$ cat model31.cif   # mmCIF, C-alpha atoms
data_start
#
loop_
_atom_site.group_PDB
_atom_site.id
_atom_site.type_symbol
_atom_site.label_atom_id
_atom_site.label_comp_id
_atom_site.auth_asym_id
_atom_site.auth_seq_id
_atom_site.Cartn_x
_atom_site.Cartn_y
_atom_site.Cartn_z
ATOM 1 C CA MET A 1 108.956 88.842 69.636
ATOM 2 C CA ARG A 2 109.031 91.656 67.073
ATOM 3 C CA PRO A 3 110.686 94.981 68.019
ATOM 4 C CA PHE A 4 107.329 96.769 68.323
ATOM 5 C CA GLU A 5 105.906 94.049 70.557
ATOM 6 C CA LEU A 6 109.075 94.161 72.639
ATOM 7 C CA LEU A 7 108.721 97.924 73.082
ATOM 8 C CA VAL A 8 105.082 97.536 74.078
ATOM 9 C CA PHE A 9 106.086 94.806 76.535
ATOM 10 C CA ILE A 10 108.799 97.021 78.058
ATOM 11 C CA GLY A 11 106.306 99.868 78.326
ATOM 12 C CA GLN A 12 103.841 97.610 80.123
ATOM 13 C CA VAL A 13 106.549 96.450 82.520
ATOM 14 C CA MET A 14 107.746 100.002 83.258
ATOM 15 C CA SER A 15 104.210 101.151 83.962
ATOM 16 C CA ASN A 16 103.424 98.231 86.259
ATOM 17 C CA GLY A 17 103.072 99.479 89.836
ATOM 18 C CA TRP A 18 104.418 96.284 91.401
ATOM 19 C CA PHE A 19 107.533 96.439 89.211
ATOM 20 C CA LEU A 20 108.094 100.110 90.054
ATOM 21 C CA LEU A 21 107.707 99.274 93.754
ATOM 22 C CA GLY A 22 110.185 96.440 93.373
ATOM 23 C CA ILE A 23 113.019 98.592 92.024
ATOM 24 C CA PRO A 24 113.541 100.826 95.109
ATOM 25 C CA LEU A 25 113.106 97.779 97.339
ATOM 26 C CA MET A 26 115.862 95.968 95.424
ATOM 27 C CA ALA A 27 118.038 99.090 95.725
ATOM 28 C CA ALA A 28 117.373 99.218 99.479
ATOM 29 C CA SER A 29 118.203 95.519 99.734
ATOM 30 C CA PHE A 30 121.540 96.064 97.997
ATOM 31 C CA PHE A 31 122.342 99.054 100.241
ATOM 32 C CA ALA A 32 121.494 96.954 103.310
ATOM 33 C CA LEU A 33 123.783 94.193 102.012
ATOM 34 C CA LEU A 34 126.681 96.645 101.696
ATOM 35 C CA ILE A 35 126.094 97.952 105.221
ATOM 36 C CA LEU A 36 126.067 94.376 106.515
ATOM 37 C CA PHE A 37 129.391 93.793 104.753
ATOM 38 C CA SER A 38 130.823 96.698 106.770
ATOM 39 C CA TRP A 39 129.586 95.162 110.030
ATOM 40 C CA HIS A 40 130.176 91.430 109.628
ATOM 41 C CA PRO A 41 132.441 88.951 107.849
ATOM 42 C CA LEU A 42 131.534 87.698 104.364
ATOM 43 C CA SER A 43 131.211 84.167 105.764
ATOM 44 C CA PHE A 44 128.389 85.455 107.969
ATOM 45 C CA VAL A 45 126.536 87.775 105.579
ATOM 46 C CA ILE A 46 126.319 85.541 102.509
ATOM 47 C CA PRO A 47 124.829 82.483 104.278
ATOM 48 C CA ILE A 48 122.419 84.734 106.192
ATOM 49 C CA SER A 49 121.207 86.111 102.866
ATOM 50 C CA ALA A 50 119.828 82.628 102.166
ATOM 51 C CA LEU A 51 116.888 83.758 104.319
ATOM 52 C CA SER A 52 115.616 85.228 101.059
ATOM 53 C CA TYR A 53 114.558 81.681 100.139
ATOM 54 C CA VAL A 54 112.431 81.518 103.300
ATOM 55 C CA VAL A 55 110.791 84.880 102.625
ATOM 56 C CA GLY A 56 110.424 83.938 98.975
ATOM 57 C CA ALA A 57 108.656 80.682 99.801
ATOM 58 C CA LEU A 58 106.284 82.419 102.226
ATOM 59 C CA GLY A 59 105.598 85.182 99.727
ATOM 60 C CA ALA A 60 105.075 82.660 96.947
ATOM 61 C CA LYS A 61 102.603 80.680 99.057
ATOM 62 C CA TYR A 62 100.539 83.514 100.505
ATOM 63 C CA LEU A 63 100.910 86.379 98.017
ATOM 64 C CA LEU A 64 101.307 84.621 94.687
ATOM 65 C CA LYS A 65 99.211 81.571 95.585
ATOM 66 C CA GLU A 66 101.882 79.199 94.303
ATOM 67 C CA GLU A 67 102.048 75.571 95.350
ATOM 68 C CA VAL A 68 104.857 74.998 97.806
ATOM 69 C CA ASN A 69 105.211 71.277 98.351
ATOM 70 C CA ALA A 70 106.682 69.359 101.273
ATOM 71 C CA ALA A 71 110.165 69.116 99.725
ATOM 72 C CA ARG A 72 110.341 72.893 99.403
ATOM 73 C CA TRP A 73 109.173 73.373 103.003
ATOM 74 C CA VAL A 74 111.845 70.913 104.182
ATOM 75 C CA GLY A 75 114.380 72.931 102.186
ATOM 76 C CA VAL A 76 113.129 76.136 103.800
ATOM 77 C CA LEU A 77 113.422 74.537 107.244
ATOM 78 C CA LEU A 78 116.992 73.402 106.549
ATOM 79 C CA VAL A 79 117.876 76.924 105.429
ATOM 80 C CA CYS A 80 116.438 78.316 108.682
ATOM 81 C CA VAL A 81 118.410 75.867 110.808
ATOM 82 C CA GLY A 82 121.527 76.563 108.763
ATOM 83 C CA VAL A 83 121.134 80.314 109.173
ATOM 84 C CA ALA A 84 120.648 79.889 112.926
ATOM 85 C CA LEU A 85 123.893 77.899 113.136
ATOM 86 C CA VAL A 86 125.764 80.476 111.065
ATOM 87 C CA ALA A 87 124.461 83.270 113.279
ATOM 88 C CA ALA A 88 125.428 81.346 116.416
ATOM 89 C CA GLY A 89 128.822 80.394 114.997
ATOM 90 C CA MET B 1 124.939 64.654 68.995
ATOM 91 C CA ALA B 2 127.690 67.165 68.151
ATOM 92 C CA SER B 3 125.304 70.060 68.780
ATOM 93 C CA GLU B 4 124.246 68.518 72.106
ATOM 94 C CA LYS B 5 127.884 68.231 73.159
ATOM 95 C CA ARG B 6 128.464 71.838 72.115
ATOM 96 C CA LEU B 7 125.433 72.980 74.141
ATOM 97 C CA ARG B 8 126.647 71.002 77.154
ATOM 98 C CA ILE B 9 130.124 72.554 76.974
ATOM 99 C CA LYS B 10 128.938 76.107 76.520
ATOM 100 C CA THR B 11 126.364 75.689 79.300
ATOM 101 C CA LEU B 12 129.037 74.420 81.653
ATOM 102 C CA ILE B 13 131.336 77.322 80.756
ATOM 103 C CA MET B 14 128.504 79.789 81.354
ATOM 104 C CA VAL B 15 127.640 78.197 84.718
ATOM 105 C CA LEU B 16 131.302 78.496 85.756
ATOM 106 C CA ALA B 17 131.330 82.125 84.594
ATOM 107 C CA MET B 18 128.140 82.701 86.594
ATOM 108 C CA VAL B 19 129.690 81.322 89.766
ATOM 109 C CA VAL B 20 132.974 83.224 89.264
ATOM 110 C CA CYS B 21 131.097 86.511 88.689
ATOM 111 C CA ALA B 22 128.898 86.059 91.767
ATOM 112 C CA VAL B 23 131.747 85.086 94.062
ATOM 113 C CA THR B 24 134.141 87.756 92.777
ATOM 114 C CA GLY B 25 131.442 90.424 92.949
ATOM 115 C CA ASP B 26 130.668 89.694 96.596
ATOM 116 C CA LEU B 27 134.353 89.551 97.516
ATOM 117 C CA LEU B 28 134.959 92.945 95.908
ATOM 118 C CA LEU B 29 131.939 94.470 97.651
ATOM 119 C CA LYS B 30 133.181 93.159 100.992
ATOM 120 C CA ARG B 31 136.682 94.515 100.327
ATOM 121 C CA GLY B 32 135.250 97.881 99.319
ATOM 122 C CA MET B 33 133.097 98.191 102.436
ATOM 123 C CA SER B 34 135.983 97.062 104.679
ATOM 124 C CA GLU B 35 137.863 100.192 103.558
ATOM 125 C CA LEU B 36 135.093 102.321 105.062
ATOM 126 C CA GLY B 37 134.830 100.399 108.315
ATOM 127 C CA ALA B 38 131.629 99.750 110.261
ATOM 128 C CA VAL B 39 128.839 102.035 109.047
ATOM 129 C CA GLN B 40 127.202 104.082 111.805
ATOM 130 C CA PHE B 41 123.420 103.664 111.740
ATOM 131 C CA THR B 42 122.776 107.436 111.882
ATOM 132 C CA GLY B 43 121.815 109.902 109.181
ATOM 133 C CA THR B 44 125.395 111.149 108.910
ATOM 134 C CA GLY B 45 126.804 107.640 108.956
ATOM 135 C CA LEU B 46 124.478 106.407 106.233
ATOM 136 C CA GLY B 47 125.196 109.496 104.156
ATOM 137 C CA GLU B 48 128.956 108.896 104.472
ATOM 138 C CA ALA B 49 128.404 105.266 103.495
ATOM 139 C CA LEU B 50 126.494 106.323 100.371
ATOM 140 C CA LEU B 51 129.261 108.735 99.377
ATOM 141 C CA HIS B 52 131.891 106.055 99.923
ATOM 142 C CA MET B 53 129.915 103.543 97.850
ATOM 143 C CA ALA B 54 129.600 106.056 95.009
ATOM 144 C CA ALA B 55 133.311 106.872 95.056
ATOM 145 C CA CYS B 56 134.807 103.431 95.673
ATOM 146 C CA GLY B 57 136.178 101.781 92.552
ATOM 147 C CA MET B 58 136.176 98.358 94.174
ATOM 148 C CA ILE B 59 132.442 98.574 94.828
ATOM 149 C CA TRP B 60 131.745 99.597 91.242
ATOM 150 C CA LEU B 61 133.887 96.702 90.057
ATOM 151 C CA GLY B 62 131.911 94.417 92.353
ATOM 152 C CA ILE B 63 128.651 95.744 90.886
ATOM 153 C CA LEU B 64 130.032 95.081 87.404
ATOM 154 C CA PHE B 65 130.767 91.480 88.314
ATOM 155 C CA LEU B 66 127.283 91.066 89.808
ATOM 156 C CA LEU B 67 125.792 92.427 86.582
ATOM 157 C CA GLY B 68 127.908 89.838 84.815
ATOM 158 C CA PHE B 69 126.442 87.215 87.130
ATOM 159 C CA MET B 70 122.893 88.322 86.254
ATOM 160 C CA THR B 71 123.652 88.276 82.542
ATOM 161 C CA THR B 72 125.278 84.840 82.604
ATOM 162 C CA GLN B 73 122.503 83.482 84.800
ATOM 163 C CA MET B 74 119.790 84.709 82.414
ATOM 164 C CA THR B 75 121.724 83.321 79.462
ATOM 165 C CA VAL B 76 122.249 79.894 80.970
ATOM 166 C CA MET B 77 118.612 79.770 82.137
ATOM 167 C CA SER B 78 117.606 80.174 78.508
ATOM 168 C CA TRP B 79 119.788 77.198 77.555
ATOM 169 C CA ALA B 80 119.337 74.793 80.448
ATOM 170 C CA ASP B 81 116.728 73.681 82.935
ATOM 171 C CA TYR B 82 116.411 75.590 86.184
ATOM 172 C CA SER B 83 117.160 72.377 88.063
ATOM 173 C CA TYR B 84 120.510 72.163 86.221
ATOM 174 C CA VAL B 85 121.520 75.715 87.145
ATOM 175 C CA MET B 86 120.179 75.642 90.698
ATOM 176 C CA PRO B 87 122.960 73.521 92.276
ATOM 177 C CA ALA B 88 125.525 76.106 91.203
ATOM 178 C CA GLY B 89 123.629 78.675 93.254
ATOM 179 C CA ALA B 90 123.253 76.310 96.183
ATOM 180 C CA PHE B 91 126.921 75.396 96.417
ATOM 181 C CA GLY B 92 127.898 78.997 95.846
ATOM 182 C CA TYR B 93 127.290 79.513 99.565
ATOM 183 C CA ALA B 94 129.933 76.927 100.406
ATOM 184 C CA LEU B 95 132.342 78.338 97.817
ATOM 185 C CA GLN B 96 131.863 81.881 99.131
ATOM 186 C CA THR B 97 132.600 80.734 102.669
ATOM 187 C CA PHE B 98 135.698 78.860 101.501
ATOM 188 C CA LEU B 99 136.988 81.913 99.622
ATOM 189 C CA ALA B 100 136.265 84.119 102.631
ATOM 190 C CA VAL B 101 138.704 81.930 104.548
ATOM 191 C CA VAL B 102 141.335 81.791 101.806
ATOM 192 C CA VAL B 103 141.178 85.333 100.372
ATOM 193 C CA LEU B 104 139.895 87.419 103.281
ATOM 194 C CA HIS B 105 141.498 85.256 106.016
ATOM 195 C CA GLU B 106 138.246 85.043 107.939
ATOM 196 C CA VAL B 107 137.894 82.503 110.709
ATOM 197 C CA VAL B 108 134.954 80.148 110.234
ATOM 198 C CA SER B 109 133.914 77.847 113.071
ATOM 199 C CA ILE B 110 132.737 74.241 112.647
ATOM 200 C CA LYS B 111 129.235 75.344 113.661
ATOM 201 C CA ARG B 112 129.205 77.887 110.843
ATOM 202 C CA TRP B 113 130.440 75.307 108.320
ATOM 203 C CA ILE B 114 127.643 72.944 109.372
ATOM 204 C CA GLY B 115 125.183 75.818 108.961
ATOM 205 C CA VAL B 116 126.508 76.535 105.465
ATOM 206 C CA PHE B 117 126.214 72.850 104.573
ATOM 207 C CA LEU B 118 122.571 72.765 105.723
ATOM 208 C CA ILE B 119 121.846 75.919 103.748
ATOM 209 C CA CYS B 120 123.304 74.321 100.600
ATOM 210 C CA ILE B 121 121.085 71.240 101.038
ATOM 211 C CA GLY B 122 118.080 73.426 101.829
ATOM 212 C CA VAL B 123 118.569 75.610 98.775
ATOM 213 C CA LEU B 124 119.020 72.497 96.608
ATOM 214 C CA LEU B 125 115.703 71.113 97.893
ATOM 215 C CA VAL B 126 113.920 74.404 97.281
ATOM 216 C CA GLY B 127 115.254 74.466 93.748
ATOM 217 C CA GLN B 128 114.714 70.833 92.762
ATOM 218 C CA THR B 129 110.947 71.078 92.717
ATOM 219 C CA LYS B 130 108.944 72.273 89.705
ATOM 220 C CA PRO B 131 109.868 75.898 89.001
ATOM 221 C CA ARG B 132 106.335 76.774 87.916
ATOM 222 C CA THR B 133 103.132 75.813 89.633
ATOM 223 C CA THR B 134 100.860 78.548 88.296
ATOM 224 C CA GLU B 135 99.682 79.440 84.795
ATOM 225 C CA CYS B 136 100.981 82.583 83.218
ATOM 226 C CA THR B 137 100.078 84.569 80.139
ATOM 227 C CA ALA B 138 101.110 88.044 79.152
ATOM 228 C CA GLN B 139 99.025 90.153 76.817
ATOM 229 C CA VAL B 140 100.535 92.469 74.271
ATOM 230 C CA GLY B 141 97.888 94.183 72.211
ATOM 231 C CA GLU B 142 95.177 91.670 71.456
ATOM 232 C CA LYS B 143 97.193 88.472 71.616
ATOM 233 C CA ALA B 144 98.976 86.516 74.292
ATOM 234 C CA VAL B 145 102.730 86.793 73.822
ATOM 235 C CA VAL B 146 104.059 84.657 76.627
ATOM 236 C CA SER B 147 102.517 81.461 77.797
ATOM 237 C CA CYS B 148 104.181 79.298 80.430
#
$ encode --input "model31.cif" --output "structure tokens"
Amino acid sequence: MRPFELLVFIGQVMSNGWFLLGIPLMAASFFALLILFSWHPLSFVIPISALSYVVGALGAKYLLKEEVNAARWVGVLLVCVGVALVAAG
Amino acid sequence: MASEKRLRIKTLIMVLAMVVCAVTGDLLLKRGMSELGAVQFTGTGLGEALLHMAACGMIWLGILFLLGFMTTQMTVMSWADYSYVMPAGAFGYALQTFLAVVVLHEVVSIKRWIGVFLICIGVLLVGQTKPRTTECTAQVGEKAVVSC
């Protein structure tokens, strides 16, 4: 990618509404993570954060129209069960 | 063959760096927030938390390590398949839990360990499937620049 094309690409990204919406959401997510760290042990917070894979799979399926096959759904289910055990532990 | 061996070695080193950065970053963030204590979920409490985060060197160091994680992850993704890198992320949950016990002296029950193990397997399964199932093209000017 030539420098000019790269600049155009960056400009397109920075003017994309979805991208601009994503940045404050990522910032809020990080802030929420830090608050969780102040409330709970690391061994609780980090495994719980694996729920992002569940939300990601659901978002991928219904918002982005991606194919999510059976293996991925089984993985999502295992993550859910694992998170439940961590929360109950 | 020599170049393949070189690629394999540097990829492995970068994956290790990725894991070290992620784990160290989270540990530092946890340490930094432990100095503040439990954040009160009020306007004042959240404001105090923000001020503490901005002023805490340990948190900034943690952010630096997480930036390092992002950089190493993007680099290694450009060298290796996603399915090669994915297991490092999956087992990072187990490593984090182990280091929480060793470094932060947290107590982790058997139930929680089983949960972490299931999460590792689950994340591995999510990652082992094809990373792309949709077409993608990006237009710059009049021509497509990226095609997946």
$ resolve_selection --input "model31.cif" --expression "the PyMOL selection byres ((chain A) within 9 of (chain B))" --output "ChimeraX atom specification"
/A:1,5-6,8-9,12,31,34-44,46-47,50,53,57,64-69,71-89
$ atom_distance --input "model31.cif" --atom1 "atom CA of Val85 of chain B" --atom2 "atom CA of Trp60 of chain B"
26.3 Å
$ closest_residue --input "model31.cif" --among "B:Leu61, B:Ala22, B:Gly43, B:Met14" --to "Ser78 of chain B" --atoms "all atoms listed in the file"
B:Met14
$ atom_distance --input "model31.cif" --atom1 "atom CA of Ile13 of chain B" --atom2 "atom CA of Ser83 of chain B"
16.7 Å
$ atom_distance --input "model31.cif" --atom1 "atom CA of Thr72 of chain B" --atom2 "atom CA of Val19 of chain B"
9.1 Å
$ axis_aligned_box --input "model31.cif" --around "segment 21-32 of chain A" --padding-each-side "8 Å" --output "lines of an AutoDock Vina configuration file"
center_x = 115.0
center_y = 98.2
center_z = 97.7
size_x = 30.6
size_y = 21.3
size_z = 27.3
$ resolve_selection --input "model31.cif" --expression "the PyMOL selection byres ((chain B and resi 69) around 12)" --output "PDB file with C-alpha atoms, keeping the file's coordinate frame"
ATOM      1  CA  MET B  14     128.504  79.789  81.354  1.00  0.00           C
ATOM      2  CA  VAL B  15     127.640  78.197  84.718  1.00  0.00           C
ATOM      3  CA  LEU B  16     131.302  78.496  85.756  1.00  0.00           C
ATOM      4  CA  ALA B  17     131.330  82.125  84.594  1.00  0.00           C
ATOM      5  CA  MET B  18     128.140  82.701  86.594  1.00  0.00           C
ATOM      6  CA  VAL B  19     129.690  81.322  89.766  1.00  0.00           C
ATOM      7  CA  VAL B  20     132.974  83.224  89.264  1.00  0.00           C
ATOM      8  CA  CYS B  21     131.097  86.511  88.689  1.00  0.00           C
ATOM      9  CA  ALA B  22     128.898  86.059  91.767  1.00  0.00           C
ATOM     10  CA  VAL B  23     131.747  85.086  94.062  1.00  0.00           C
ATOM     11  CA  THR B  24     134.141  87.756  92.777  1.00  0.00           C
ATOM     12  CA  GLY B  25     131.442  90.424  92.949  1.00  0.00           C
ATOM     13  CA  ASP B  26     130.668  89.694  96.596  1.00  0.00           C
ATOM     14  CA  GLY B  62     131.911  94.417  92.353  1.00  0.00           C
ATOM     15  CA  ILE B  63     128.651  95.744  90.886  1.00  0.00           C
ATOM     16  CA  LEU B  64     130.032  95.081  87.404  1.00  0.00           C
ATOM     17  CA  PHE B  65     130.767  91.480  88.314  1.00  0.00           C
ATOM     18  CA  LEU B  66     127.283  91.066  89.808  1.00  0.00           C
ATOM     19  CA  LEU B  67     125.792  92.427  86.582  1.00  0.00           C
ATOM     20  CA  GLY B  68     127.908  89.838  84.815  1.00  0.00           C
ATOM     21  CA  MET B  70     122.893  88.322  86.254  1.00  0.00           C
ATOM     22  CA  THR B  71     123.652  88.276  82.542  1.00  0.00           C
ATOM     23  CA  THR B  72     125.278  84.840  82.604  1.00  0.00           C
ATOM     24  CA  GLN B  73     122.503  83.482  84.800  1.00  0.00           C
ATOM     25  CA  MET B  74     119.790  84.709  82.414  1.00  0.00           C
ATOM     26  CA  THR B  75     121.724  83.321  79.462  1.00  0.00           C
ATOM     27  CA  VAL B  76     122.249  79.894  80.970  1.00  0.00           C
ATOM     28  CA  MET B  77     118.612  79.770  82.137  1.00  0.00           C
ATOM     29  CA  ALA B  88     125.525  76.106  91.203  1.00  0.00           C
ATOM     30  CA  GLY B  89     123.629  78.675  93.254  1.00  0.00           C
TER      31      GLY B  89
END
